[in-house]
$ cat input_21.txt   # compact mmCIF, C-alpha atoms
# COMPACT_ATOMS: atom_id res chain seq x y z
CA MET A 1 39.23 -24.88 43.46
CA ALA A 2 41.85 -22.34 42.37
CA ALA A 3 42.92 -21.95 45.98
CA VAL A 4 43.75 -25.65 46.18
CA ILE A 5 45.80 -25.68 43.00
CA GLY A 6 47.57 -22.52 44.10
CA LEU A 7 49.13 -24.19 47.14
CA GLY A 8 52.84 -23.44 47.20
CA SER A 9 52.44 -21.66 43.89
CA HIS A 10 54.83 -19.22 42.28
CA GLU A 11 55.45 -18.09 38.72
CA ALA A 12 56.38 -21.63 37.66
CA GLY A 13 53.13 -23.12 39.01
CA PRO A 14 52.07 -25.24 42.00
CA SER A 15 54.79 -26.75 44.18
CA PRO A 16 55.08 -28.68 47.47
CA GLN A 17 56.42 -25.65 49.33
CA GLY A 18 54.79 -25.54 52.74
CA PHE A 19 53.93 -29.25 52.86
CA VAL A 20 52.54 -30.20 56.30
CA ARG A 21 54.02 -33.41 57.70
CA THR A 22 51.42 -34.05 60.36
CA PRO A 23 47.84 -33.38 59.25
CA SER A 24 45.28 -32.15 61.76
CA ALA A 25 42.22 -33.13 59.73
CA GLY A 26 41.03 -36.24 57.91
CA THR A 27 40.50 -37.07 54.25
CA ALA A 28 38.04 -35.03 52.17
CA ASP A 29 36.43 -35.76 48.80
CA LEU A 30 37.69 -34.17 45.59
CA ARG A 31 34.79 -34.06 43.12
CA TRP A 32 34.51 -32.89 39.53
CA THR A 33 31.55 -30.52 39.69
CA ASP A 34 30.36 -28.07 37.01
CA GLY A 35 33.58 -28.40 35.06
CA ARG A 36 35.97 -27.95 37.95
CA TRP A 37 37.43 -29.78 40.93
CA ALA A 38 35.91 -28.97 44.29
CA VAL A 39 36.66 -30.16 47.81
CA LEU A 40 33.68 -31.49 49.74
CA PRO A 41 33.00 -30.69 52.46
CA GLU A 42 34.35 -27.22 51.76
CA VAL A 43 37.67 -26.44 53.39
CA PRO A 44 39.11 -22.91 53.67
CA ALA A 45 42.11 -22.50 51.40
CA GLY A 46 44.38 -21.83 54.35
CA GLU A 47 43.45 -25.16 55.93
CA LEU A 48 43.91 -27.45 52.93
CA ARG A 49 47.47 -28.23 54.00
CA SER A 50 46.07 -29.66 57.21
CA LEU A 51 44.09 -32.39 55.43
CA ARG A 52 45.37 -35.94 55.53
CA GLY A 53 44.54 -36.21 51.85
CA LEU A 54 41.94 -35.96 49.09
CA ARG A 55 39.84 -38.88 47.83
CA VAL A 56 39.27 -38.51 44.07
CA ARG A 57 35.69 -38.86 42.82
CA TRP A 58 36.00 -39.11 39.05
CA PRO A 59 33.96 -37.39 36.31
CA GLU A 60 31.28 -39.60 34.79
CA ASP A 61 32.76 -39.89 31.29
CA ALA A 62 36.09 -39.84 29.50
CA GLU A 63 35.45 -36.49 27.82
CA GLN A 64 35.03 -34.77 31.16
CA GLY A 65 37.91 -36.84 32.48
CA ALA A 66 40.30 -35.45 29.88
CA ARG A 67 39.45 -31.95 31.07
CA SER A 68 39.96 -32.94 34.70
CA LEU A 69 43.45 -34.46 34.48
CA PRO A 70 45.48 -31.20 34.35
CA GLY A 71 43.97 -30.14 37.68
CA LEU A 72 44.85 -33.47 39.25
CA LEU A 73 48.41 -33.20 37.96
CA ASP A 74 48.70 -29.72 39.46
CA LEU A 75 47.59 -31.11 42.81
CA ALA A 76 50.14 -33.92 42.44
CA ALA A 77 52.85 -31.34 41.67
CA ALA A 78 51.87 -29.55 44.88
CA GLY A 79 52.44 -32.77 46.81
CA VAL A 80 48.82 -33.06 47.92
CA PRO A 81 48.20 -36.70 48.96
CA LEU A 82 45.59 -38.07 46.50
CA HIS A 83 43.85 -41.43 46.46
CA ALA A 84 41.15 -43.07 44.35
CA GLU A 85 39.27 -46.18 45.44
CA GLU A 86 38.78 -47.04 41.76
CA VAL A 87 40.54 -45.72 38.67
CA PRO A 88 38.50 -45.70 35.42
CA SER A 89 40.01 -47.25 32.31
CA TRP A 90 40.20 -43.90 30.49
CA ALA A 91 42.40 -42.53 33.30
CA VAL A 92 44.70 -45.57 33.10
CA ARG A 93 45.08 -45.04 29.35
CA ALA A 94 45.61 -41.30 29.68
CA ASP A 95 48.24 -41.44 32.43
CA PRO A 96 49.13 -44.93 33.68
CA VAL A 97 51.70 -43.65 36.19
CA LEU A 98 49.25 -41.25 37.81
CA ALA A 99 46.59 -43.97 37.79
CA GLU A 100 48.91 -46.35 39.63
CA LEU A 101 49.81 -43.72 42.20
CA LEU A 102 46.18 -42.82 42.83
CA ALA A 103 45.25 -46.48 43.25
CA ASP A 104 47.86 -46.88 45.98
CA GLY A 105 45.96 -46.77 49.24
CA GLY A 106 48.71 -48.27 51.35
CA TRP A 107 49.47 -44.95 53.00
CA LEU A 108 45.82 -44.63 54.03
CA ALA A 109 45.90 -48.12 55.53
CA GLU A 110 48.41 -46.85 58.11
CA THR A 111 45.61 -45.32 60.16
CA SER A 112 44.82 -48.13 62.56
CA GLN A 113 45.33 -47.62 66.28
CA ALA A 114 48.04 -50.29 66.17
CA THR A 115 50.14 -48.10 63.87
CA PRO A 116 52.11 -45.24 65.44
CA ARG A 117 51.06 -41.84 64.16
CA CYS A 118 54.63 -41.05 63.10
CA THR A 119 54.67 -44.06 60.77
CA ALA A 120 51.30 -43.14 59.29
CA ASP A 121 52.58 -39.62 58.62
CA LEU A 122 55.73 -41.02 57.04
CA ARG A 123 53.75 -43.24 54.63
CA ARG A 124 51.64 -40.21 53.70
CA GLU A 125 54.72 -38.11 52.99
CA GLU A 126 56.31 -40.87 50.89
CA HIS A 127 53.12 -40.93 48.81
CA SER A 128 53.29 -37.15 48.45
CA VAL A 129 56.90 -37.33 47.22
CA ARG A 130 55.99 -39.86 44.51
CA LEU A 131 53.05 -37.74 43.38
CA ARG A 132 55.02 -34.51 43.28
CA ARG A 133 57.78 -36.10 41.21
CA HIS A 134 55.26 -37.19 38.60
CA GLY A 135 53.26 -33.96 38.60
CA LEU A 136 56.33 -31.75 38.32
CA ALA A 137 57.84 -33.91 35.56
CA HIS A 138 54.58 -33.73 33.61
CA ARG A 139 54.52 -29.94 33.94
CA ARG A 140 58.07 -29.69 32.58
CA ARG A 141 57.15 -31.81 29.56
CA ALA A 142 53.92 -29.87 28.97
CA GLY A 143 55.91 -26.65 29.11
CA GLY A 144 58.17 -27.86 26.32
CA ASP A 145 61.29 -28.29 28.46
CA ARG A 146 64.20 -28.83 26.04
CA THR A 147 67.05 -28.54 28.50
CA GLY A 148 68.00 -32.20 28.27
CA THR A 149 69.47 -34.36 30.99
CA PRO A 150 71.28 -32.24 33.61
CA LYS A 151 74.90 -33.10 34.36
CA VAL A 152 75.92 -33.14 38.00
CA SER A 153 79.50 -33.17 39.25
CA VAL A 154 79.46 -35.17 42.49
CA VAL A 155 82.25 -34.10 44.83
CA MET A 156 83.32 -36.54 47.54
CA SER A 157 86.26 -36.63 49.91
CA SER A 158 87.19 -39.92 51.56
CA MET A 159 89.76 -41.24 54.00
CA ARG A 160 87.87 -44.55 54.34
CA PRO A 161 88.60 -46.71 51.31
CA HIS A 162 86.40 -49.55 52.58
CA LEU A 163 83.33 -47.33 52.05
CA LEU A 164 84.10 -46.26 48.50
CA GLU A 165 82.58 -49.18 46.61
CA THR A 166 79.17 -48.66 48.21
CA ALA A 167 79.36 -44.89 47.88
CA LEU A 168 80.20 -45.03 44.18
CA ALA A 169 77.48 -47.62 43.56
CA GLN A 170 74.90 -45.23 45.08
CA ILE A 171 76.05 -42.41 42.81
CA ALA A 172 75.88 -44.74 39.81
CA ARG A 173 72.23 -45.63 40.49
CA GLN A 174 71.03 -42.02 40.37
CA ARG A 175 68.11 -41.61 37.96
CA GLY A 176 67.28 -38.72 35.65
CA VAL A 177 70.75 -37.16 35.72
CA GLU A 178 74.16 -37.60 34.11
CA THR A 179 76.88 -37.78 36.74
CA GLU A 180 80.63 -37.55 37.02
CA VAL A 181 82.52 -38.22 40.25
CA LEU A 182 85.32 -36.04 41.57
CA LEU A 183 86.94 -38.05 44.32
CA GLY A 184 89.38 -36.48 46.76
CA LEU A 185 91.42 -39.19 48.46
CA HIS A 186 92.31 -37.78 51.87
CA GLY A 187 95.49 -39.42 53.13
CA VAL A 188 94.74 -42.56 51.08
CA PRO A 189 96.81 -43.52 48.01
CA ALA A 190 95.05 -44.20 44.73
CA GLY A 191 96.86 -47.52 44.62
CA HIS A 192 95.12 -48.81 47.75
CA GLU A 193 93.50 -52.15 46.97
CA ALA A 194 90.03 -51.09 48.12
CA VAL A 195 90.27 -47.89 46.07
CA ARG A 196 91.27 -49.78 42.94
CA ARG A 197 88.46 -52.28 43.47
CA ALA A 198 85.89 -49.53 43.93
CA LEU A 199 87.03 -47.62 40.87
CA GLY A 200 87.11 -50.78 38.79
CA SER A 201 83.48 -51.59 39.59
CA CYS A 202 82.15 -48.05 38.99
CA PRO A 203 80.58 -47.43 35.54
CA LEU A 204 80.83 -43.65 35.90
CA PRO A 205 83.71 -41.36 34.94
CA VAL A 206 85.74 -40.81 38.12
CA THR A 207 88.52 -38.25 38.48
CA VAL A 208 90.78 -38.87 41.46
CA VAL A 209 92.70 -36.22 43.38
CA GLU A 210 95.17 -37.26 46.10
CA ALA A 211 95.81 -35.09 49.17
CA GLY A 212 97.82 -35.71 52.29
CA ALA A 213 96.16 -36.56 55.60
CA ALA A 214 97.19 -33.15 57.00
CA THR A 215 95.30 -31.27 54.27
CA PRO A 216 92.15 -29.60 55.65
CA PHE A 217 88.95 -31.37 54.65
CA GLY A 218 87.53 -28.31 52.91
CA GLU A 219 90.68 -27.93 50.83
CA VAL A 220 90.42 -31.56 49.67
CA LEU A 221 86.86 -30.89 48.51
CA ASN A 222 87.98 -27.79 46.63
CA LEU A 223 90.84 -29.60 44.90
CA ALA A 224 88.30 -32.10 43.58
CA ALA A 225 85.56 -29.56 42.79
CA ALA A 226 87.99 -27.46 40.74
CA LEU A 227 87.81 -30.19 38.08
CA ALA A 228 84.01 -30.15 37.79
CA SER A 229 82.55 -29.96 34.29
CA GLY A 230 78.87 -30.45 35.11
CA ASP A 231 76.06 -27.93 35.22
CA TYR A 232 75.81 -28.44 38.98
CA VAL A 233 78.09 -29.33 41.88
CA ALA A 234 76.74 -31.69 44.54
CA LYS A 235 78.50 -32.66 47.74
CA TRP A 236 78.37 -36.35 48.71
CA ASP A 237 79.46 -38.05 51.94
CA ASP A 238 81.08 -41.45 51.60
CA ASP A 239 79.47 -43.02 54.68
CA ASP A 240 75.82 -42.03 54.16
CA TRP A 241 72.97 -43.58 52.16
CA TYR A 242 71.19 -41.90 49.25
CA GLY A 243 68.08 -42.90 47.33
CA PRO A 244 68.24 -43.31 43.53
CA GLU A 245 66.36 -40.04 42.95
CA HIS A 246 68.31 -38.00 45.47
CA LEU A 247 69.91 -35.73 42.86
CA SER A 248 66.73 -35.55 40.78
CA ASP A 249 64.75 -34.46 43.84
CA LEU A 250 67.30 -31.72 44.58
CA LEU A 251 67.05 -30.45 41.01
CA LEU A 252 63.25 -30.53 41.23
CA ALA A 253 63.43 -28.46 44.41
CA ARG A 254 65.72 -26.00 42.68
CA SER A 255 63.29 -25.67 39.75
CA TYR A 256 60.15 -25.01 41.79
CA SER A 257 61.77 -22.87 44.48
CA GLY A 258 64.15 -20.84 42.33
CA ALA A 259 66.77 -21.27 45.06
CA ASP A 260 70.50 -20.76 44.59
CA ILE A 261 71.40 -23.65 46.90
CA VAL A 262 69.27 -26.68 47.71
CA GLY A 263 69.69 -29.56 50.11
CA THR A 264 67.62 -31.92 52.20
CA ALA A 265 66.49 -31.94 55.78
CA ALA A 266 68.67 -34.07 58.06
CA GLU A 267 65.97 -36.48 59.21
CA PHE A 268 67.12 -40.11 59.29
CA PHE A 269 70.20 -41.24 61.21
CA TYR A 270 71.56 -44.75 61.58
CA LEU A 271 73.40 -45.05 64.88
CA GLU A 272 75.74 -47.86 63.97
CA PRO A 273 77.11 -48.78 67.42
CA LEU A 274 73.54 -49.12 68.74
CA ASP A 275 72.04 -50.64 65.57
CA VAL A 276 69.22 -48.10 65.78
CA THR A 277 67.61 -45.81 63.21
CA VAL A 278 66.17 -42.52 64.46
CA ARG A 279 64.18 -39.83 62.76
CA ARG A 280 64.14 -36.22 63.81
CA THR A 281 61.47 -33.89 62.48
CA ASP A 282 62.45 -30.65 64.18
CA TYR A 283 64.02 -29.58 60.89
CA THR A 284 60.99 -28.93 58.70
CA SER A 285 61.16 -29.60 54.98
CA GLU A 286 59.97 -27.74 51.86
CA VAL A 287 60.98 -24.42 53.40
CA TRP A 288 63.49 -21.62 52.94
CA SER A 289 66.26 -21.99 55.48
CA ASP A 290 69.88 -21.20 56.27
CA HIS A 291 70.59 -24.88 56.99
CA VAL A 292 70.50 -28.11 54.98
CA ALA A 293 72.21 -31.47 55.51
CA GLY A 294 75.85 -30.93 54.55
CA GLY A 295 76.08 -34.14 52.54
CA THR A 296 73.29 -32.95 50.25
CA ILE A 297 74.38 -29.45 49.18
CA LEU A 298 73.75 -28.77 45.47
CA LEU A 299 74.22 -25.57 43.50
CA ASP A 300 75.05 -24.25 40.06
CA ARG A 301 78.71 -24.81 39.16
CA GLU A 302 79.36 -21.19 38.22
CA ARG A 303 77.86 -19.91 41.46
CA PHE A 304 80.02 -22.41 43.35
CA ARG A 305 83.14 -21.10 41.65
CA ARG A 306 82.20 -17.46 42.22
CA SER A 307 81.65 -18.22 45.90
CA GLY A 308 85.24 -19.37 46.29
CA GLY A 309 84.22 -22.92 47.15
CA PHE A 310 84.35 -24.62 50.51
CA PRO A 311 86.29 -22.99 53.35
CA ALA A 312 89.68 -24.62 53.96
CA LEU A 313 88.71 -25.97 57.37
CA SER A 314 89.24 -29.37 58.95
CA ALA A 315 85.73 -29.41 60.48
CA GLY A 316 82.52 -27.43 60.23
CA VAL A 317 83.01 -27.03 56.47
CA ASP A 318 79.34 -27.38 55.48
CA ALA A 319 78.02 -24.95 58.09
CA ALA A 320 80.69 -22.38 57.25
CA PHE A 321 79.98 -22.72 53.52
CA LEU A 322 76.23 -22.20 54.02
CA LYS A 323 76.76 -19.28 56.38
CA ALA A 324 79.08 -17.52 53.93
CA ALA A 325 76.71 -18.20 51.03
CA GLY A 326 73.74 -16.85 52.96
CA SER A 327 75.69 -13.74 53.96
CA ALA A 328 76.50 -13.18 50.29
CA GLY A 329 72.79 -13.25 49.43
CA ALA A 330 72.34 -16.84 48.28
CA ARG A 331 68.80 -18.21 48.74
CA ILE A 332 68.84 -21.65 50.39
CA TYR A 333 65.95 -24.11 50.16
CA ARG A 334 65.48 -27.31 52.15
CA THR A 335 63.51 -30.14 50.56
CA HIS A 336 62.43 -33.47 52.04
CA GLY A 337 65.03 -35.79 53.59
CA LEU A 338 63.30 -39.13 52.97
CA GLY A 339 65.90 -40.26 50.44
CA TYR A 340 68.91 -39.69 52.71
CA VAL A 341 70.24 -41.42 55.83
CA LEU A 342 73.24 -40.19 57.80
CA ARG A 343 75.49 -42.79 59.41
CA ARG A 344 76.81 -42.10 62.89
CA SER A 345 79.58 -44.45 64.01
CA ALA A 346 82.51 -43.73 66.33
CA GLY A 347 82.76 -40.00 66.92
CA ALA A 348 86.36 -39.79 65.75
CA GLU A 349 85.31 -40.87 62.24
CA HIS A 350 83.23 -37.74 61.62
CA THR A 351 84.10 -34.09 61.16
CA TRP A 352 80.70 -33.38 62.77
CA ARG A 353 81.20 -34.80 66.24
CA LEU A 354 78.23 -35.21 68.54
CA PRO A 355 77.61 -38.01 71.04
CA LEU A 356 75.11 -40.70 70.09
CA ALA A 357 73.00 -39.66 73.06
CA HIS A 358 72.33 -36.36 71.30
CA PHE A 359 70.60 -38.10 68.39
CA LEU A 360 68.49 -40.21 70.73
CA ARG A 361 67.52 -37.09 72.62
CA VAL A 362 66.30 -35.15 69.57
CA ALA A 363 64.65 -38.13 67.82
CA SER A 364 60.94 -38.01 67.07
CA ASN A 365 60.93 -41.80 66.81
CA GLN A 366 63.34 -44.71 66.59
CA TRP A 367 63.48 -48.24 65.21
CA ARG A 368 65.72 -51.22 65.87
CA GLY A 369 68.10 -51.91 62.99
CA PHE A 370 68.51 -50.05 59.69
CA ARG A 371 65.05 -48.66 58.88
CA PRO A 372 65.14 -45.96 56.22
CA SER A 373 62.17 -44.44 54.45
CA LEU A 374 60.79 -46.44 51.53
CA ILE A 375 61.96 -43.55 49.30
CA LEU A 376 65.53 -44.80 49.79
CA GLU A 377 64.58 -47.95 47.79
CA MET A 378 66.96 -50.28 49.56
CA SER A 379 65.14 -53.50 48.69
$ encode --input "input_21.txt" --output "structure tokens"
Amino acid sequence: MAAVIGLGSHEAGPSPQGFVRTPSAGTADLRWTDGRWAVLPEVPAGELRSLRGLRVRWPEDAEQGARSLPGLLDLAAAGVPLHAEEVPSWAVRADPVLAELLADGGWLAETSQATPRCTADLRREEHSVRLRRHGLAHRRRAGGDRTGTPKVSVVMSSMRPHLLETALAQIARQRGVETEVLLGLHGVPAGHEAVRRALGSCPLPVTVVEAGAATPFGEVLNLAAALASGDYVAKWDDDDWYGPEHLSDLLLARSYSGADIVGTAAEFFYLEPLDVTVRRTDYTSEVWSDHVAGGTILLDRERFRRSGGFPALSAGVDAAFLKAAGSAGARIYRTHGLGYVLRRSAGAEHTWRLPLAHFLRVASNQWRGFRPSLILEMS
């Protein structure tokens, strides 16, 4: 069983690195046998990532169960999709959150012929994300983590005051982190009615920097980021959608990968003029890469300052920043993008300008209307 628990492992323990989005094999049984977990039928260690999931067959008594839980939590930390048809009462008492996750078979129900494979795979990955969050958090607590709540300085530039209220509300709902907002108003006065309304409704500390419309976008970001006091700097785009554990997931990815810079895959796009949501899966997740979604870049504040910040460009800021960081030796890790949706509206409103047809062309699947992953928690 050690090969299973070692999936994606490094010195800090198991991790979801190398998670496989589309399994090529079905669900196997995970049984507690002779004091250890074993997969039946036997699966070579190199093929475990190809399984759709593992069905937990519990030990017979609570004493054995207590010995079995650490192994299950390691598998959860590795993002292995786990399910139990029944959860014994001792398991509920020992770890009610894990018990609830294991009892969730909704992702397995997405296997009927009427359900597209892409949706079934998405439900499976959502389940994996919930498990890995719990398993990794448990490992931190078991390891005596005393670092406290991390503070993240969220840097956002905006020339669209009508989007600020929603953007700030999404930052305010972030869980597991302390946040401050550094807002660069780009050609918009702080006295604008929509700006004042957005700031008045935001419960977070917000520092506002004003810059003229002719100021390069990257320079506006740097003017704001210069005031950061958090442990980490995170870039935020005013027109996109973020799940409530977006920042927590980035910090988790940083902890298990040891990366200098983390970000998400750019997977979900809402094409506003067409009222269509598309997902692209050509950018794999849980991998080392030189590219992450620009609106999700997170790194240590001191490293950000040593790097010189964002390039003073009007467009292509994120790509140029990542390229320079990679050239300087920074290790970049890309985690899942299920808690992030990019908005594409009229091309002139974005510094990253591509026709809507491009996103339709590269999409793995598409849905009518706004259809994010359940990880975004929009309901």
$ closest_residue --input "input_21.txt" --among "A:Gly187, A:Gly230, A:Gly35, A:Pro16" --to "A:Ala213" --atoms "only C-alpha atoms"
A:Gly187
$ atom_distance --input "input_21.txt" --atom1 "atom CA of A:Arg124" --atom2 "atom CA of A:Val87"
19.5 Å
$ residues_around --input "input_21.txt" --residues "stretch 361-375 of chain A" --least-positions-apart "5" --cutoff "6 Å" --atoms "all atoms listed in the file" --output "PDB file with C-alpha atoms, in the frame of the given file"
ATOM      1  CA  ASP A 275      72.040 -50.640  65.570  1.00  0.00           C
ATOM      2  CA  VAL A 276      69.220 -48.100  65.780  1.00  0.00           C
ATOM      3  CA  THR A 277      67.610 -45.810  63.210  1.00  0.00           C
ATOM      4  CA  VAL A 278      66.170 -42.520  64.460  1.00  0.00           C
ATOM      5  CA  ARG A 279      64.180 -39.830  62.760  1.00  0.00           C
ATOM      6  CA  ARG A 280      64.140 -36.220  63.810  1.00  0.00           C
ATOM      7  CA  LEU A 338      63.300 -39.130  52.970  1.00  0.00           C
ATOM      8  CA  GLY A 339      65.900 -40.260  50.440  1.00  0.00           C
TER       9      GLY A 339
END
$ closest_residue --input "input_21.txt" --among "A:Arg21, A:Arg36, A:Leu223, A:Ala259" --to "A:Gly337" --atoms "all atoms listed in the file"
A:Arg21
$ atom_distance --input "input_21.txt" --atom1 "atom CA of A:Leu163" --atom2 "atom CA of A:Ala194"
8.6 Å
$ atom_distance --input "input_21.txt" --atom1 "atom CA of A:Glu180" --atom2 "atom CA of A:Ser153"
5.0 Å
$ residues_around --input "input_21.txt" --residues "stretch 81-86 of chain A" --least-positions-apart "6" --cutoff "7 Å" --atoms "only C-alpha atoms" --output "MDAnalysis selection string"
chainID A and resid 53:56 102:105 124 127:128
$ write_last_selection --input "input_21.txt" --atoms "C-alpha atoms" --output "PDB file, in the coordinates of the input"
ATOM      1  CA  GLY A  53      44.540 -36.210  51.850  1.00  0.00           C
ATOM      2  CA  LEU A  54      41.940 -35.960  49.090  1.00  0.00           C
ATOM      3  CA  ARG A  55      39.840 -38.880  47.830  1.00  0.00           C
ATOM      4  CA  VAL A  56      39.270 -38.510  44.070  1.00  0.00           C
ATOM      5  CA  LEU A 102      46.180 -42.820  42.830  1.00  0.00           C
ATOM      6  CA  ALA A 103      45.250 -46.480  43.250  1.00  0.00           C
ATOM      7  CA  ASP A 104      47.860 -46.880  45.980  1.00  0.00           C
ATOM      8  CA  GLY A 105      45.960 -46.770  49.240  1.00  0.00           C
ATOM      9  CA  ARG A 124      51.640 -40.210  53.700  1.00  0.00           C
ATOM     10  CA  HIS A 127      53.120 -40.930  48.810  1.00  0.00           C
ATOM     11  CA  SER A 128      53.290 -37.150  48.450  1.00  0.00           C
TER      12      SER A 128
END
$ residues_near_point --input "input_21.txt" --point "(81.7, -43.3, 32.2)" --cutoff "12 Å" --atoms "all atoms listed in the file" --output "JSON, numbers by chain"
{"A": [172, 178, 179, 180, 181, 199, 200, 201, 202, 203, 204, 205, 206, 207]}
$ write_last_selection --input "input_21.txt" --atoms "C-alpha atoms" --output "PDB file, in the coordinates of the input"
ATOM      1  CA  ALA A 172      75.880 -44.740  39.810  1.00  0.00           C
ATOM      2  CA  GLU A 178      74.160 -37.600  34.110  1.00  0.00           C
ATOM      3  CA  THR A 179      76.880 -37.780  36.740  1.00  0.00           C
ATOM      4  CA  GLU A 180      80.630 -37.550  37.020  1.00  0.00           C
ATOM      5  CA  VAL A 181      82.520 -38.220  40.250  1.00  0.00           C
ATOM      6  CA  LEU A 199      87.030 -47.620  40.870  1.00  0.00           C
ATOM      7  CA  GLY A 200      87.110 -50.780  38.790  1.00  0.00           C
ATOM      8  CA  SER A 201      83.480 -51.590  39.590  1.00  0.00           C
ATOM      9  CA  CYS A 202      82.150 -48.050  38.990  1.00  0.00           C
ATOM     10  CA  PRO A 203      80.580 -47.430  35.540  1.00  0.00           C
ATOM     11  CA  LEU A 204      80.830 -43.650  35.900  1.00  0.00           C
ATOM     12  CA  PRO A 205      83.710 -41.360  34.940  1.00  0.00           C
ATOM     13  CA  VAL A 206      85.740 -40.810  38.120  1.00  0.00           C
ATOM     14  CA  THR A 207      88.520 -38.250  38.480  1.00  0.00           C
TER      15      THR A 207
END
$ residues_around --input "input_21.txt" --residues "A:Ile261" --least-positions-apart "3" --cutoff "12 Å" --atoms "only C-alpha atoms" --output "MDAnalysis selection string"
chainID A and resid 232:235 250:251 253:255 257:258 264 288:294 296:301 303:304 307 321:323 325:326 329:335
$ residues_around --input "input_21.txt" --residues "A:Val188" --least-positions-apart "6" --cutoff "10 Å" --atoms "all atoms listed in the file" --output "list in words"
Ser158, Met159, Arg160, Pro161, Val195, Glu210, Ala211, Gly212 and Ala213 of chain A
$ residues_around --input "input_21.txt" --residues "A:Ser24" --least-positions-apart "5" --cutoff "12 Å" --atoms "only C-alpha atoms" --output "list in words"
Glu47, Leu48, Arg49, Ser50, Leu51, Arg52, Gly53, Arg117 and Asp121 of chain A
$ residues_near_point --input "input_21.txt" --point "(37.0, -36.3, 45.9)" --cutoff "8 Å" --atoms "all atoms listed in the file" --output "PyMOL selection string"
chain A and resi 28-32+38-40+54-58
$ closest_atom_pairs --input "input_21.txt" --of "stretch 86-160 of chain A" --to "stretch 59-80 of chain A" --cutoff "9 Å" --atoms "only C-alpha atoms" --output "JSON lines"
{"residue": "A:Pro88", "atom": "CA", "partner": "A:Ala62", "partner_atom": "CA", "distance": 8.7}
{"residue": "A:Ser89", "atom": "CA", "partner": "A:Ala62", "partner_atom": "CA", "distance": 8.8}
{"residue": "A:Trp90", "atom": "CA", "partner": "A:Ala62", "partner_atom": "CA", "distance": 5.9}
{"residue": "A:Ala91", "atom": "CA", "partner": "A:Gly65", "partner_atom": "CA", "distance": 7.3}
{"residue": "A:Ala94", "atom": "CA", "partner": "A:Ala66", "partner_atom": "CA", "distance": 7.9}
{"residue": "A:Asp95", "atom": "CA", "partner": "A:Leu69", "partner_atom": "CA", "distance": 8.7}
{"residue": "A:Leu98", "atom": "CA", "partner": "A:Leu73", "partner_atom": "CA", "distance": 8.1}
{"residue": "A:Glu125", "atom": "CA", "partner": "A:Gly79", "partner_atom": "CA", "distance": 8.5}
{"residue": "A:His127", "atom": "CA", "partner": "A:Gly79", "partner_atom": "CA", "distance": 8.4}
{"residue": "A:Ser128", "atom": "CA", "partner": "A:Gly79", "partner_atom": "CA", "distance": 4.8}
{"residue": "A:Val129", "atom": "CA", "partner": "A:Gly79", "partner_atom": "CA", "distance": 6.4}
{"residue": "A:Arg130", "atom": "CA", "partner": "A:Gly79", "partner_atom": "CA", "distance": 8.3}
{"residue": "A:Leu131", "atom": "CA", "partner": "A:Ala76", "partner_atom": "CA", "distance": 4.9}
{"residue": "A:Arg132", "atom": "CA", "partner": "A:Ala77", "partner_atom": "CA", "distance": 4.2}
{"residue": "A:Arg133", "atom": "CA", "partner": "A:Ala77", "partner_atom": "CA", "distance": 6.9}
{"residue": "A:His134", "atom": "CA", "partner": "A:Ala77", "partner_atom": "CA", "distance": 7.0}
{"residue": "A:Gly135", "atom": "CA", "partner": "A:Ala77", "partner_atom": "CA", "distance": 4.1}
{"residue": "A:Leu136", "atom": "CA", "partner": "A:Ala77", "partner_atom": "CA", "distance": 4.8}
{"residue": "A:Ala137", "atom": "CA", "partner": "A:Ala77", "partner_atom": "CA", "distance": 8.3}
{"residue": "A:His138", "atom": "CA", "partner": "A:Leu73", "partner_atom": "CA", "distance": 7.6}
{"residue": "A:Arg139", "atom": "CA", "partner": "A:Leu73", "partner_atom": "CA", "distance": 8.0}
$ write_last_selection --input "input_21.txt" --atoms "C-alpha atoms" --output "PDB file, keeping the file's coordinate frame"
ATOM      1  CA  PRO A  88      38.500 -45.700  35.420  1.00  0.00           C
ATOM      2  CA  SER A  89      40.010 -47.250  32.310  1.00  0.00           C
ATOM      3  CA  TRP A  90      40.200 -43.900  30.490  1.00  0.00           C
ATOM      4  CA  ALA A  91      42.400 -42.530  33.300  1.00  0.00           C
ATOM      5  CA  ALA A  94      45.610 -41.300  29.680  1.00  0.00           C
ATOM      6  CA  ASP A  95      48.240 -41.440  32.430  1.00  0.00           C
ATOM      7  CA  LEU A  98      49.250 -41.250  37.810  1.00  0.00           C
ATOM      8  CA  GLU A 125      54.720 -38.110  52.990  1.00  0.00           C
ATOM      9  CA  HIS A 127      53.120 -40.930  48.810  1.00  0.00           C
ATOM     10  CA  SER A 128      53.290 -37.150  48.450  1.00  0.00           C
ATOM     11  CA  VAL A 129      56.900 -37.330  47.220  1.00  0.00           C
ATOM     12  CA  ARG A 130      55.990 -39.860  44.510  1.00  0.00           C
ATOM     13  CA  LEU A 131      53.050 -37.740  43.380  1.00  0.00           C
ATOM     14  CA  ARG A 132      55.020 -34.510  43.280  1.00  0.00           C
ATOM     15  CA  ARG A 133      57.780 -36.100  41.210  1.00  0.00           C
ATOM     16  CA  HIS A 134      55.260 -37.190  38.600  1.00  0.00           C
ATOM     17  CA  GLY A 135      53.260 -33.960  38.600  1.00  0.00           C
ATOM     18  CA  LEU A 136      56.330 -31.750  38.320  1.00  0.00           C
ATOM     19  CA  ALA A 137      57.840 -33.910  35.560  1.00  0.00           C
ATOM     20  CA  HIS A 138      54.580 -33.730  33.610  1.00  0.00           C
ATOM     21  CA  ARG A 139      54.520 -29.940  33.940  1.00  0.00           C
TER      22      ARG A 139
END
$ closest_residue --input "input_21.txt" --among "A:Ala266, A:Ala226, A:Tyr242, A:Ala357" --to "A:Gly308" --atoms "all atoms listed in the file"
A:Ala226
